[in-house]
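One structure below.
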Number of protein chains: 2
Amino acid sequence: MQAALSKPKLISLAAGFTDNDSLPLAEIRESLAEILSSSRRGRAALQYGSTQGDPVLREWTSKHLVGIDGVSGSAAAYSPERMIITNGSQQMLYMITEALCDPGDVVLVEDPTYFVYLGILQSHGIQARGVSLGRDGIDLQKLEAVLESLKSSGELRRVKALYLVTYFQNPTGTTTTFEKKAAALKLLKRYERAAGHPIYLLEDAAYRELCFKGENVKTALAIPGGTDRVIYAGTYSKPYSTGARVGFGILPEPVFTAVLRIKGNHDFGTSNLLQQLLAHALKSGRYDQHLRELRQRYARKAAVMSAALRKHFPAGVEWAEPAGGLYFWAKANGIKTGRRSKLFANALANDVVYVPGELCYANDPTRPVPNSEMRISFGNASEADIRRGIERLGKAMRKNSPGGK
Amino acid sequence: MQAALSKPKLISLAAGFTDNDSLPLAEIRESLAEILSSSRRGRAALQYGSTQGDPVLREWTSKHLVGIDGVSGSAAAYSPERMIITNGSQQMLYMITEALCDPGDVVLVEDPTYFVYLGILQSHGIQARGVSLGRDGIDLQKLEAVLESLKSSGELRRVKALYLVTYFQNPTGTTTTFEKKAAALKLLKRYERAAGHPIYLLEDAAYRELCFKGENVKTALAIPGGTDRVIYAGTYSKPYSTGARVGFGILPEPVFTAVLRIKGNHDFGTSNLLQQLLAHALKSGRYDQHLRELRQRYARKAAVMSAALRKHFPAGVEWAEPAGGLYFWAKANGIKTGRRSKLFANALANDVVYVPGELCYANDPTRPVPNSEMRISFGNASEADIRRGIERLGKAMRKNSPGGK
C-alpha cells in the first residue's frame with residue numbers, strides 16, 4: 001500500500017488537506033512583511049510569548065466567536081481569559097484528553113468519529129464508546145442507553161467526556177443542531193451524580209468556518225448554564241493555513257489550569273510569530289475576506305464531486321450532500337470498503353484512494369465495526385482530479401458484486 | 001510575587017529568553033519573502049508537511065551536526081532518517097519521556113538540572129534521581145553508586161534513561177566532556193542486563209550553538225557503538241528565534257517509531273512554514289552568519305556580567321565563568337536563596353529577580369535540597385540592566401548575614 005500511495009498518477013481523495021490553490025499566499029506574505037517591518041512588533045513576534053497565548057489573538061478570536069454565535073448580553077463563556085492557543089486544535093484535543101483521563105477511563109464518541117482522535121484515546125489506554133449518529137447529530141436515546149448501561153456495569157465513574165465533532169463532521173459531514181447539543185449536555189449532567197465527577201461536553205468545531213450553505217448553528221458555549229461543562233476546540237488551520245497552524249480551546253476550570261500546565265511542559269506556548277500572523281489577519285480583515293473566497297471555492301468543489309458521484313457511482317450507493325467541511329460519506333450498501341477489501345485494492349490499482357469507513361469507528365465491543373462506507377474528500381484534489389477520481393472509484397465499485405469481500 | 005514580577009522597573013535576570021536586539025529580524029523577513037514569493041514553494045510552506053518533518057531541513061541539520069562534530073567516514077548516527085522535527089526541543093523532551101517511561105519509572109538527572117524537565121517528569125509521575133555534577137559533567141563514581149543502589153533496592157528495572165544537558169548546562173553553565181559522555185554510556189550499558197531493558201543516554205544540547213569560548217566538544221552521537229542508545233535533542237530556538245521555534249531529535253529504534261506516533265497524535269508535525277524558514281536560513285548561510293554575531297554578543301554580555309559580579313558581589317560568593325549559554329550559577333555559601341528566603345524578598349524589593357537554585361534540584365529523597373545558589377541570566381537583559389541588576393542583587397546580598405533565613 002505504501003508503494004501504491006507513492007504512485008505519481010494516484011489521485012488522493014483520502015487526505016484532509018486543504019485546497020492548495022486556496023492558500024492565502026499573498027495575504028500571508030503581506031502580513032508577515034508588515035509585522036516584521038516594525039522593529040518593536042517584529043522583535044516581539046520572534047521572542048517567546050506567554051504559555052497561554054497572545055492576548056490580542058485571544059481577544060479577536062473571542063470577538064469572532066461571539067459575533068458568529070450572535071450572543072447578546074454577557075459573553076463570559078467566550079472570554080479570552082478562558083482561552084489557550086495551541087498548535088492546531090489537534091494539540092488541544094491531546095492535552096484535554098491528557099488532563100481529563102487516566103488509562104481505563106471512557107470517552108463517549110460519535111459512531112463514526114474523527115479517527116485521529118480515536119488514536120489519541122488508544123495511545124493513552126482510554127476506551128471509546130460509540131453513540132450512533134443521525135442526520136442532525138448523535139441519537140439521544142442511544143446516548144442515554146449507553147450511559148445507563150455504563151451505570152449498570154459500574155463503569156460510569158470512568159466516563160469523563162462526550163466528544164462531538166459538531167460541524168460538517170469528519171467523516172460524515174453531519175452538523176449537530178444546537179438543540180441536540182443542549183439536550184446531550186443535560187443528559188450528561190443527569191449522570192454526574194452517579195459518576196461522582198463532572199462529565200464534559202468536548203465540542204470539536206474544526207470545520208465550522210468551512211460552511212457554504214445552510215443556517216448558522218450556535219456552539220455549545222451558548223447553552224445557558226453550560227459554561228462550566230463545555231470545552232470548545234477551534235482552529236485556524238483548515239480555514240486559513242495548515243502550514244502556519246494555530247488552534248485554540250476555551251476551557252472551564254479546573255481543566256483550564258491543568259491544560260495550561262501541560263502546554264507549559266509540551267512547548268511553553270505556540271510559536272509567537274504564527275500567532276502574530278493570525279492576529280494580524282483577523283485585525284486587518286484579511287481573514288474574513290479569505291473565508292468568503294474559501295467558502296465559494298469549497299461549495300464549487302463539493303458540487304463537482306456531487307455531480308461526479310451521481311454520474312459514476314452505481315445505484316444503491318447513498319450519500320448526503322454536505323453543507324460544509326471537506327468530505328462526502330458514501331454508504332456502499334453491500335460492498336465492503338475496508339483496507340483489506342477487493343474494492344480498496346481495485347481502487348488503488350485504478351490510481352485512486354479513499355479513507356475506508358472502518359477506520360472511523362471506535363473499537364467498541366458492543367457492536368461490530370461497519371465495513372461498507374467511504375470518506376471521500378474534495379479538499380485537496382483539483383476539480384479535474386475530483387471528476388477523474390470519482391470516475392475511477394465508480395469503475396472499481398462496478399467491478400465489485402454486492403457481498404464480495 | 002506575581003505583583004512584584006509585573007513591576008515596571010523590575011530587572012529580570014531570571015528568564016531564559018534570548019537577547020531581544022539579537023533577533024534576526026531582517027534576515028527572517030527576507031527569508032519569508034523569498035519563500036512566499038514563489039507560488040510553488042510558498043504554497044508548499046502553507047500546507048501540511050509530514051509528521052516527521054521537512055526532508056530538506058532534516059538533511060541540512062544532519063550536515064550541520066556532522067560538520068561541527070567533525071565526524072569522518074560513516075555518519076549513520078546523524079542520518080536525517082533518524083531525525084524528527086519538533087516545536088522546540090522542549091516538545092522532543094516531552095515526547096521522549098512519554099515514549100520511554102511509565103508512572104513510577106526513574107530517570108537519572110544531573111544535580112542540579114533543567115527545572116522544566118523536572119516538571120515534565122513530575123507531571124507523569126516519574127521519579128528523578130540526581131547525580132552530582134563536577135566541573136566537566138556528572139560524577140561518574142556517583143553515577144555508579146546510584147545505579148548500584150537502585151540495583152540493590154530492586155528499582156533498576158524502573159530506570160529508563162540518564163538525562164544530561166551537555167553544553168553550558170542550564171543552570172550551572174557546565175559542559176560535559178566527550179570522554180565523560182562515553183564513560184557514562186558504558187556504565188549504563190553495564191547495568192542493562194540487570195535492568196532487563198535498554199537504558200538510554202538522553203543528550204539535551206539546547207545551548208550548544210551558544211558557545212563563545214573554549215574547545216568544541218563532540219556530541220554523544222559520536223561515541224563508537226553508541227548509536228542505538230543515544231537520543232539527541234537539539235534546537236534552533238535559542239540560536240535563531242524563540243518565537244519561530246523549531247527543534248529536533250535524533251533517535252534510535254524503537255524510540256523513533258514511538259515518538260513519531262506521539263508526534264502524529266500531538267499535532268501531525270511542526271508548522272511547515274517555520275520549518276521552511278529554518279531550512280532557508282541554513283541553506284542561504286544566514287544562520288551561520290547570525291550565529292557568529294550572536295556568539296560575539298553573548299561573549300560581551302557574559303563579560304559585562306562577570307565584571308559586575310566581581311565588583312558588586314560580597315566575598316565568599318563563588319561562580320565559574322561560562323564558556324557559552326545564557327547563565328551564571330552563583331554559590332552564595334551560607335546565604336539562603338530560596339523563594340521564601342530573605343534574599344529573594346530583598347532582591348524583589350530592590351527590583352531584581354533571579355532563579356532560586358533550589359528549583360533546579362530533583363525531589364530526590366536521598367539528599368536535602370541545596371538552598372544557597374542562584375541562576376543568573378545575561379540572555380535577555382541589556383548590558384546596562386545587567387550592571388544595574390547585579391549591583392542591586394549585590395546590595396540585597398550584603399543585607400543578608402550568613403546563616404540568615
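Residues in the C-alpha cells are named by chain (A, B, ... in the order shown) and by number from 1 within that chain; ligands are numbered from 1 in the order shown.
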Spatial neighbours of range 220-227 of chain B, max dist 8 Å, only C-alpha atoms, sep filter under 6 positions, as a CSV table (one decimal) with C-alpha atoms, in the first residue's frame:
```csv
chain,number,residue,atom,x,y,z
B,69,ASP,CA,31.3,17.1,15.3
B,71,VAL,CA,32.8,13.1,12.0
B,77,ALA,CA,24.2,8.1,13.7
B,78,TYR,CA,23.4,11.6,12.3
B,178,PHE,CA,33.1,13.8,25.4
B,181,LYS,CA,29.6,11.0,28.0
B,182,ALA,CA,31.3,7.9,26.6
B,185,LEU,CA,27.1,5.4,28.4
B,203,GLU,CA,21.6,14.3,25.5
B,252,PRO,CA,17.3,5.1,17.7
```
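The shell of residues at most 10 Å from Leu57 in chain B, with only C-alpha atoms counted and near chain neighbours (fewer than 3 positions) removed, consists of Gly53, Asp54, Trp60, Thr61, Ser62, Lys63, Pro80, Ile85, Phe248, Gln275, Gln276, Leu277, Leu278, Ala279, His280, Ala281, Leu282 and Lys283 of chain B.
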Output chain B as a short mmCIF file (atom, residue, chain, number, x, y, z; two decimals) with C-alpha atoms, in the first residue's frame, after least-squares fitting it to chain A on all in-order C-alpha pairs.
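File written: out.cif
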```cif
data_model
loop_
_atom_site.label_atom_id
_atom_site.label_comp_id
_atom_site.auth_asym_id
_atom_site.auth_seq_id
_atom_site.Cartn_x
_atom_site.Cartn_y
_atom_site.Cartn_z
CA MET B 1 0.00 0.01 -0.05
CA GLN B 2 2.89 2.32 0.77
CA ALA B 3 4.16 1.66 -2.76
CA ALA B 4 0.73 2.37 -4.22
CA LEU B 5 0.44 5.65 -2.35
CA SER B 6 3.65 6.94 -3.89
CA LYS B 7 2.41 6.27 -7.44
CA PRO B 8 2.70 9.51 -9.37
CA LYS B 9 -0.73 9.18 -11.06
CA LEU B 10 -2.57 8.43 -7.82
CA ILE B 11 -5.51 10.71 -7.05
CA SER B 12 -5.97 11.00 -3.31
CA LEU B 13 -9.52 11.55 -2.16
CA ALA B 14 -8.29 10.43 1.27
CA ALA B 15 -6.27 13.30 2.70
CA GLY B 16 -7.90 16.00 4.83
CA PHE B 17 -5.50 18.56 3.32
CA THR B 18 -6.97 21.88 2.28
CA ASP B 19 -7.13 23.18 -1.27
CA ASN B 20 -3.63 24.16 -2.40
CA ASP B 21 -4.74 26.97 -4.69
CA SER B 22 -6.85 28.48 -1.92
CA LEU B 23 -3.89 29.07 0.40
CA PRO B 24 -3.62 32.80 1.16
CA LEU B 25 -0.07 33.20 -0.13
CA ALA B 26 -0.09 36.90 -0.93
CA GLU B 27 -2.06 37.81 2.20
CA ILE B 28 0.36 35.94 4.48
CA ARG B 29 3.37 37.42 2.69
CA GLU B 30 1.95 40.91 3.24
CA SER B 31 1.01 40.28 6.87
CA LEU B 32 4.46 38.92 7.72
CA ALA B 33 6.18 41.79 5.94
CA GLU B 34 4.11 44.27 7.93
CA ILE B 35 4.76 42.56 11.26
CA LEU B 36 8.49 42.19 10.61
CA SER B 37 8.94 45.73 9.27
CA SER B 38 8.33 47.19 12.69
CA SER B 39 11.30 46.70 14.97
CA ARG B 40 9.16 46.59 18.10
CA ARG B 41 6.41 44.31 16.77
CA GLY B 42 8.83 42.22 14.79
CA ARG B 43 11.14 41.52 17.72
CA ALA B 44 8.17 40.70 19.94
CA ALA B 45 6.96 38.20 17.32
CA LEU B 46 10.37 36.50 17.23
CA GLN B 47 10.63 36.21 21.02
CA TYR B 48 8.86 33.79 23.36
CA GLY B 49 5.27 34.73 24.13
CA SER B 50 3.21 33.51 27.07
CA THR B 51 2.21 29.88 27.52
CA GLN B 52 -1.48 30.78 27.29
CA GLY B 53 -1.06 32.62 24.02
CA ASP B 54 -1.08 36.13 22.58
CA PRO B 55 -3.70 38.35 24.29
CA VAL B 56 -4.59 40.14 21.03
CA LEU B 57 -5.19 36.88 19.17
CA ARG B 58 -7.30 35.61 22.06
CA GLU B 59 -9.32 38.82 22.13
CA TRP B 60 -10.02 38.74 18.40
CA THR B 61 -10.82 35.04 18.46
CA SER B 62 -13.26 35.60 21.28
CA LYS B 63 -14.90 38.51 19.40
CA HIS B 64 -15.13 36.45 16.22
CA LEU B 65 -16.91 33.62 18.06
CA VAL B 66 -19.27 35.95 19.89
CA GLY B 67 -20.06 37.51 16.52
CA ILE B 68 -20.89 34.31 14.66
CA ASP B 69 -22.79 32.89 17.62
CA GLY B 70 -24.76 36.13 17.80
CA VAL B 71 -24.57 36.11 21.58
CA SER B 72 -26.18 39.08 23.23
CA GLY B 73 -25.56 40.30 26.72
CA SER B 74 -22.81 38.63 28.71
CA ALA B 75 -20.37 36.62 26.69
CA ALA B 76 -18.47 35.31 29.72
CA ALA B 77 -18.35 31.82 28.25
CA TYR B 78 -16.29 33.18 25.33
CA SER B 79 -13.83 35.15 27.45
CA PRO B 80 -10.24 35.38 26.18
CA GLU B 81 -9.23 34.63 29.77
CA ARG B 82 -10.58 31.11 29.36
CA MET B 83 -8.76 30.56 26.07
CA ILE B 84 -5.45 28.80 25.34
CA ILE B 85 -3.74 28.98 21.94
CA THR B 86 -2.32 25.72 20.56
CA ASN B 87 -0.54 24.14 17.59
CA GLY B 88 -3.76 23.46 15.74
CA SER B 89 -6.81 22.09 17.54
CA GLN B 90 -5.15 18.67 17.46
CA GLN B 91 -2.81 19.64 20.29
CA MET B 92 -5.77 20.98 22.24
CA LEU B 93 -7.61 17.64 21.89
CA TYR B 94 -4.47 15.82 23.02
CA MET B 95 -3.93 18.00 26.09
CA ILE B 96 -7.59 17.95 27.14
CA THR B 97 -7.53 14.18 26.99
CA GLU B 98 -4.29 14.07 29.01
CA ALA B 99 -5.82 16.43 31.56
CA LEU B 100 -9.17 14.64 31.92
CA CYS B 101 -8.41 10.98 31.57
CA ASP B 102 -6.47 8.16 33.18
CA PRO B 103 -5.84 4.82 31.48
CA GLY B 104 -9.00 2.72 31.61
CA ASP B 105 -11.29 5.77 31.52
CA VAL B 106 -14.09 6.09 28.97
CA VAL B 107 -14.80 8.82 26.42
CA LEU B 108 -18.09 8.69 24.53
CA VAL B 109 -17.70 9.40 20.82
CA GLU B 110 -19.86 9.67 17.74
CA ASP B 111 -20.12 6.46 15.80
CA PRO B 112 -18.31 7.04 13.40
CA THR B 113 -15.90 9.79 14.53
CA TYR B 114 -12.59 11.54 13.74
CA PHE B 115 -10.10 8.68 13.51
CA VAL B 116 -7.04 10.58 14.77
CA TYR B 117 -8.92 11.27 17.99
CA LEU B 118 -9.51 7.54 18.35
CA GLY B 119 -5.73 7.18 18.03
CA ILE B 120 -5.17 9.65 20.87
CA LEU B 121 -7.57 7.71 23.10
CA GLN B 122 -5.98 4.39 22.21
CA SER B 123 -2.45 5.64 22.84
CA HIS B 124 -3.48 6.61 26.38
CA GLY B 125 -5.28 3.34 27.09
CA ILE B 126 -8.66 5.09 27.15
CA GLN B 127 -11.80 3.28 26.01
CA ALA B 128 -14.07 4.81 23.37
CA ARG B 129 -17.78 4.04 23.38
CA GLY B 130 -19.71 4.89 20.23
CA VAL B 131 -23.07 6.66 20.13
CA SER B 132 -24.79 6.30 16.78
CA LEU B 133 -25.19 9.36 14.63
CA GLY B 134 -28.34 10.63 12.91
CA ARG B 135 -28.80 13.39 10.34
CA ASP B 136 -28.63 16.12 12.98
CA GLY B 137 -26.19 14.70 15.51
CA ILE B 138 -25.98 11.80 17.91
CA ASP B 139 -29.01 9.72 18.78
CA LEU B 140 -30.01 10.98 22.22
CA GLN B 141 -31.86 7.81 23.12
CA LYS B 142 -28.73 5.87 22.29
CA LEU B 143 -26.68 8.26 24.42
CA GLU B 144 -28.99 7.64 27.34
CA ALA B 145 -28.88 3.89 26.77
CA VAL B 146 -25.07 3.92 26.71
CA LEU B 147 -24.90 5.99 29.90
CA GLU B 148 -27.46 3.71 31.54
CA SER B 149 -25.54 0.60 30.57
CA LEU B 150 -22.28 2.09 31.88
CA LYS B 151 -24.09 2.91 35.10
CA SER B 152 -25.32 -0.66 35.42
CA SER B 153 -21.87 -2.11 34.79
CA GLY B 154 -20.30 0.23 37.35
CA GLU B 155 -18.22 1.96 34.66
CA LEU B 156 -19.95 5.34 34.83
CA ARG B 157 -17.27 6.59 37.22
CA ARG B 158 -14.77 6.11 34.38
CA VAL B 159 -16.73 8.31 31.92
CA LYS B 160 -15.02 11.70 31.58
CA ALA B 161 -16.38 13.29 28.42
CA LEU B 162 -18.58 13.17 25.35
CA TYR B 163 -16.59 14.12 22.24
CA LEU B 164 -18.61 15.64 19.38
CA VAL B 165 -17.34 16.94 16.03
CA THR B 166 -20.25 19.29 15.69
CA TYR B 167 -19.87 21.01 12.30
CA PHE B 168 -19.66 19.13 8.95
CA GLN B 169 -18.33 16.23 10.91
CA ASN B 170 -15.26 14.31 9.95
CA PRO B 171 -16.06 11.83 8.45
CA THR B 172 -19.81 12.05 7.79
CA GLY B 173 -20.40 15.76 7.11
CA THR B 174 -23.15 15.84 9.76
CA THR B 175 -23.86 19.04 11.70
CA THR B 176 -25.26 18.74 15.21
CA THR B 177 -28.16 21.05 15.97
CA PHE B 178 -27.90 23.45 18.88
CA GLU B 179 -30.90 21.79 20.49
CA LYS B 180 -29.17 18.44 20.38
CA LYS B 181 -26.01 19.80 21.97
CA ALA B 182 -28.08 21.30 24.78
CA ALA B 183 -30.07 18.09 25.26
CA ALA B 184 -26.88 16.00 25.28
CA LEU B 185 -25.32 18.24 27.93
CA LYS B 186 -28.48 17.99 30.03
CA LEU B 187 -28.30 14.21 29.84
CA LEU B 188 -24.63 14.18 30.83
CA LYS B 189 -25.41 16.36 33.85
CA ARG B 190 -28.10 13.91 34.96
CA TYR B 191 -25.47 11.20 35.23
CA GLU B 192 -22.85 13.27 37.03
CA ARG B 193 -24.05 12.41 40.48
CA ALA B 194 -23.75 8.69 39.76
CA ALA B 195 -20.37 9.29 38.07
CA GLY B 196 -19.07 11.22 41.06
CA HIS B 197 -17.47 13.94 38.91
CA PRO B 198 -18.18 16.30 36.01
CA ILE B 199 -18.75 14.78 32.56
CA TYR B 200 -17.63 17.33 29.98
CA LEU B 201 -19.03 18.03 26.54
CA LEU B 202 -15.97 18.37 24.32
CA GLU B 203 -16.99 20.23 21.17
CA ASP B 204 -14.55 19.94 18.26
CA ALA B 205 -15.49 22.67 15.80
CA ALA B 206 -12.56 22.17 13.41
CA TYR B 207 -14.67 22.54 10.26
CA ARG B 208 -17.02 25.22 11.47
CA GLU B 209 -15.63 28.02 9.30
CA LEU B 210 -15.90 25.91 6.15
CA CYS B 211 -19.66 26.29 5.82
CA PHE B 212 -21.05 27.02 2.39
CA LYS B 213 -24.76 26.58 2.80
CA GLY B 214 -27.46 26.11 5.41
CA GLU B 215 -28.04 28.05 8.57
CA ASN B 216 -25.56 29.09 11.21
CA VAL B 217 -25.62 26.87 14.30
CA LYS B 218 -24.51 28.19 17.67
CA THR B 219 -21.73 26.49 19.60
CA ALA B 220 -22.30 24.64 22.85
CA LEU B 221 -20.76 27.67 24.60
CA ALA B 222 -24.13 29.35 24.08
CA ILE B 223 -26.02 26.75 26.12
CA PRO B 224 -27.42 28.54 29.18
CA GLY B 225 -25.66 27.26 32.28
CA GLY B 226 -23.23 25.23 30.19
CA THR B 227 -20.14 27.34 30.79
CA ASP B 228 -18.62 25.05 33.42
CA ARG B 229 -19.09 21.87 31.42
CA VAL B 230 -18.40 22.80 27.79
CA ILE B 231 -14.89 22.58 26.34
CA TYR B 232 -14.58 24.12 22.88
CA ALA B 233 -11.75 23.37 20.43
CA GLY B 234 -11.38 25.50 17.31
CA THR B 235 -8.73 26.14 14.69
CA TYR B 236 -7.39 28.51 12.04
CA SER B 237 -5.58 25.66 10.24
CA LYS B 238 -8.33 24.49 7.93
CA PRO B 239 -9.80 27.92 7.21
CA TYR B 240 -6.50 29.78 6.76
CA SER B 241 -3.27 27.76 6.50
CA THR B 242 -2.45 24.26 7.65
CA GLY B 243 1.28 25.06 7.34
CA ALA B 244 1.02 28.07 9.67
CA ARG B 245 -1.09 26.12 12.08
CA VAL B 246 -2.78 27.81 15.03
CA GLY B 247 -5.68 26.42 17.04
CA PHE B 248 -7.34 27.28 20.31
CA GLY B 249 -9.51 25.98 23.10
CA ILE B 250 -11.94 27.54 25.56
CA LEU B 251 -12.00 25.70 28.84
CA PRO B 252 -13.69 25.76 32.24
CA GLU B 253 -11.78 25.29 35.49
CA PRO B 254 -10.19 23.04 36.61
CA VAL B 255 -9.50 21.81 33.06
CA PHE B 256 -8.10 25.19 32.04
CA THR B 257 -5.39 25.17 34.70
CA ALA B 258 -4.48 21.54 34.03
CA VAL B 259 -4.20 22.11 30.27
CA LEU B 260 -2.16 25.28 30.76
CA ARG B 261 0.33 23.33 32.86
CA ILE B 262 0.53 20.61 30.19
CA LYS B 263 1.05 23.26 27.50
CA GLY B 264 3.96 24.61 29.53
CA ASN B 265 5.50 21.16 29.62
CA HIS B 266 4.80 20.50 25.90
CA ASP B 267 6.33 23.66 24.47
CA PHE B 268 5.85 26.83 26.67
CA GLY B 269 3.33 28.17 24.15
CA THR B 270 2.67 28.19 20.43
CA SER B 271 5.07 29.96 18.05
CA ASN B 272 4.61 33.65 18.68
CA LEU B 273 5.30 34.52 15.04
CA LEU B 274 2.41 32.34 13.85
CA GLN B 275 0.13 33.83 16.50
CA GLN B 276 1.01 37.37 15.43
CA LEU B 277 0.33 36.36 11.83
CA LEU B 278 -3.17 35.16 12.68
CA ALA B 279 -3.91 38.16 14.89
CA HIS B 280 -2.85 40.41 12.02
CA ALA B 281 -5.04 38.51 9.54
CA LEU B 282 -8.04 38.89 11.84
CA LYS B 283 -7.48 42.57 12.61
CA SER B 284 -6.81 43.59 9.02
CA GLY B 285 -9.92 41.87 7.66
CA ARG B 286 -7.76 39.55 5.54
CA TYR B 287 -9.09 36.52 7.37
CA ASP B 288 -12.75 37.33 6.73
CA GLN B 289 -12.07 38.13 3.10
CA HIS B 290 -10.23 34.83 2.71
CA LEU B 291 -13.09 32.91 4.32
CA ARG B 292 -15.60 34.30 1.84
CA GLU B 293 -13.48 33.16 -1.10
CA LEU B 294 -12.70 29.81 0.50
CA ARG B 295 -16.37 29.01 1.07
CA GLN B 296 -17.20 29.72 -2.57
CA ARG B 297 -14.32 27.51 -3.66
CA TYR B 298 -15.38 24.58 -1.49
CA ALA B 299 -19.03 24.98 -2.48
CA ARG B 300 -17.95 24.63 -6.12
CA LYS B 301 -15.72 21.63 -5.43
CA ALA B 302 -18.47 19.92 -3.43
CA ALA B 303 -20.88 20.48 -6.35
CA VAL B 304 -18.34 19.00 -8.76
CA MET B 305 -17.97 15.93 -6.57
CA SER B 306 -21.71 15.61 -6.13
CA ALA B 307 -22.29 15.66 -9.90
CA ALA B 308 -19.51 13.11 -10.40
CA LEU B 309 -20.95 10.81 -7.75
CA ARG B 310 -24.38 10.91 -9.43
CA LYS B 311 -22.82 10.18 -12.78
CA HIS B 312 -20.34 7.45 -11.86
CA PHE B 313 -21.44 5.66 -8.69
CA PRO B 314 -23.62 2.55 -9.06
CA ALA B 315 -27.20 2.51 -7.86
CA GLY B 316 -27.63 1.60 -4.22
CA VAL B 317 -24.73 3.72 -3.01
CA GLU B 318 -25.99 6.51 -0.75
CA TRP B 319 -24.60 9.79 0.39
CA ALA B 320 -25.80 13.11 1.77
CA GLU B 321 -24.83 16.50 0.33
CA PRO B 322 -22.58 18.23 2.86
CA ALA B 323 -23.28 21.89 3.69
CA GLY B 324 -19.64 22.50 4.59
CA GLY B 325 -16.38 20.84 5.50
CA LEU B 326 -14.27 18.69 3.17
CA TYR B 327 -16.00 15.32 2.98
CA PHE B 328 -18.65 13.15 1.41
CA TRP B 329 -19.53 9.99 3.29
CA ALA B 330 -20.78 7.27 0.96
CA LYS B 331 -22.57 4.12 2.09
CA ALA B 332 -21.87 1.37 -0.39
CA ASN B 333 -24.55 -0.95 0.92
CA GLY B 334 -23.41 -4.51 0.40
CA ILE B 335 -19.94 -3.67 -0.89
CA LYS B 336 -17.08 -4.00 1.55
CA THR B 337 -14.78 -0.95 1.63
CA GLY B 338 -12.14 -1.84 4.25
CA ARG B 339 -8.37 -1.77 3.86
CA ARG B 340 -8.39 -5.48 3.02
CA SER B 341 -11.40 -5.32 0.70
CA LYS B 342 -11.35 -6.01 -3.04
CA LEU B 343 -12.77 -2.54 -3.61
CA PHE B 344 -9.91 -0.81 -1.83
CA ALA B 345 -7.38 -2.89 -3.80
CA ASN B 346 -9.22 -2.21 -7.07
CA ALA B 347 -9.36 1.49 -6.32
CA LEU B 348 -5.61 1.59 -5.67
CA ALA B 349 -5.00 -0.40 -8.85
CA ASN B 350 -7.07 2.27 -10.65
CA ASP B 351 -4.97 5.06 -9.02
CA VAL B 352 -7.51 6.41 -6.59
CA VAL B 353 -7.64 6.20 -2.81
CA TYR B 354 -10.27 6.99 -0.17
CA VAL B 355 -10.47 6.57 3.63
CA PRO B 356 -12.14 3.24 4.48
CA GLY B 357 -15.07 3.90 6.80
CA GLU B 358 -14.00 1.17 9.22
CA LEU B 359 -11.10 3.37 10.39
CA CYS B 360 -13.58 5.90 11.76
CA TYR B 361 -15.25 3.51 14.18
CA ALA B 362 -14.16 3.06 17.77
CA ASN B 363 -13.04 -0.33 18.90
CA ASP B 364 -16.30 -0.70 20.78
CA PRO B 365 -17.10 -4.24 21.93
CA THR B 366 -20.85 -3.59 21.93
CA ARG B 367 -21.24 -3.67 18.12
CA PRO B 368 -19.40 -4.98 15.04
CA VAL B 369 -17.40 -2.40 13.06
CA PRO B 370 -19.32 -1.34 9.91
CA ASN B 371 -17.33 -2.07 6.78
CA SER B 372 -19.14 -0.62 3.78
CA GLU B 373 -18.56 3.13 3.96
CA MET B 374 -16.04 5.55 2.48
CA ARG B 375 -14.84 9.03 3.38
CA ILE B 376 -14.21 10.90 0.14
CA SER B 377 -12.57 14.32 0.35
CA PHE B 378 -12.91 17.20 -2.10
CA GLY B 379 -10.45 19.30 -0.09
CA ASN B 380 -7.09 18.81 -1.75
CA ALA B 381 -7.79 17.34 -5.20
CA SER B 382 -8.34 19.71 -8.14
CA GLU B 383 -11.78 19.82 -9.80
CA ALA B 384 -10.44 17.78 -12.71
CA ASP B 385 -8.97 15.23 -10.32
CA ILE B 386 -12.22 15.05 -8.37
CA ARG B 387 -14.05 14.13 -11.62
CA ARG B 388 -11.40 11.61 -12.67
CA GLY B 389 -11.04 10.19 -9.16
CA ILE B 390 -14.78 9.59 -8.72
CA GLU B 391 -14.98 8.05 -12.21
CA ARG B 392 -12.17 5.62 -11.29
CA LEU B 393 -13.78 4.83 -7.95
CA GLY B 394 -17.14 4.24 -9.67
CA LYS B 395 -15.48 1.79 -12.07
CA ALA B 396 -13.82 -0.02 -9.16
CA MET B 397 -17.20 -0.30 -7.43
CA ARG B 398 -18.92 -1.71 -10.50
CA LYS B 399 -16.35 -4.51 -10.55
CA ASN B 400 -17.42 -5.51 -7.04
CA SER B 401 -20.55 -7.59 -6.81
CA PRO B 402 -22.57 -6.93 -3.65
CA GLY B 403 -21.47 -9.22 -0.85
CA GLY B 404 -17.98 -9.62 -2.34
CA LYS B 405 -15.20 -9.36 0.16
#
```
Inset, instruction - From the DSSP assignment of the backbone, select every residue of range 28-245 of chain B that is strand (DSSP E or B), and format the answer as a PyMOL selection string. - result: chain B and resi 83-86+106-111+127-134+137-138+159-165+200-204+211+230-235
Legend entry - DSSP helix (DSSP H, G or I) residues within range 117-252 of chain B, as number ranges by chain: B: 117-123, 140-152, 156-158, 178-190, 192-195, 220-222
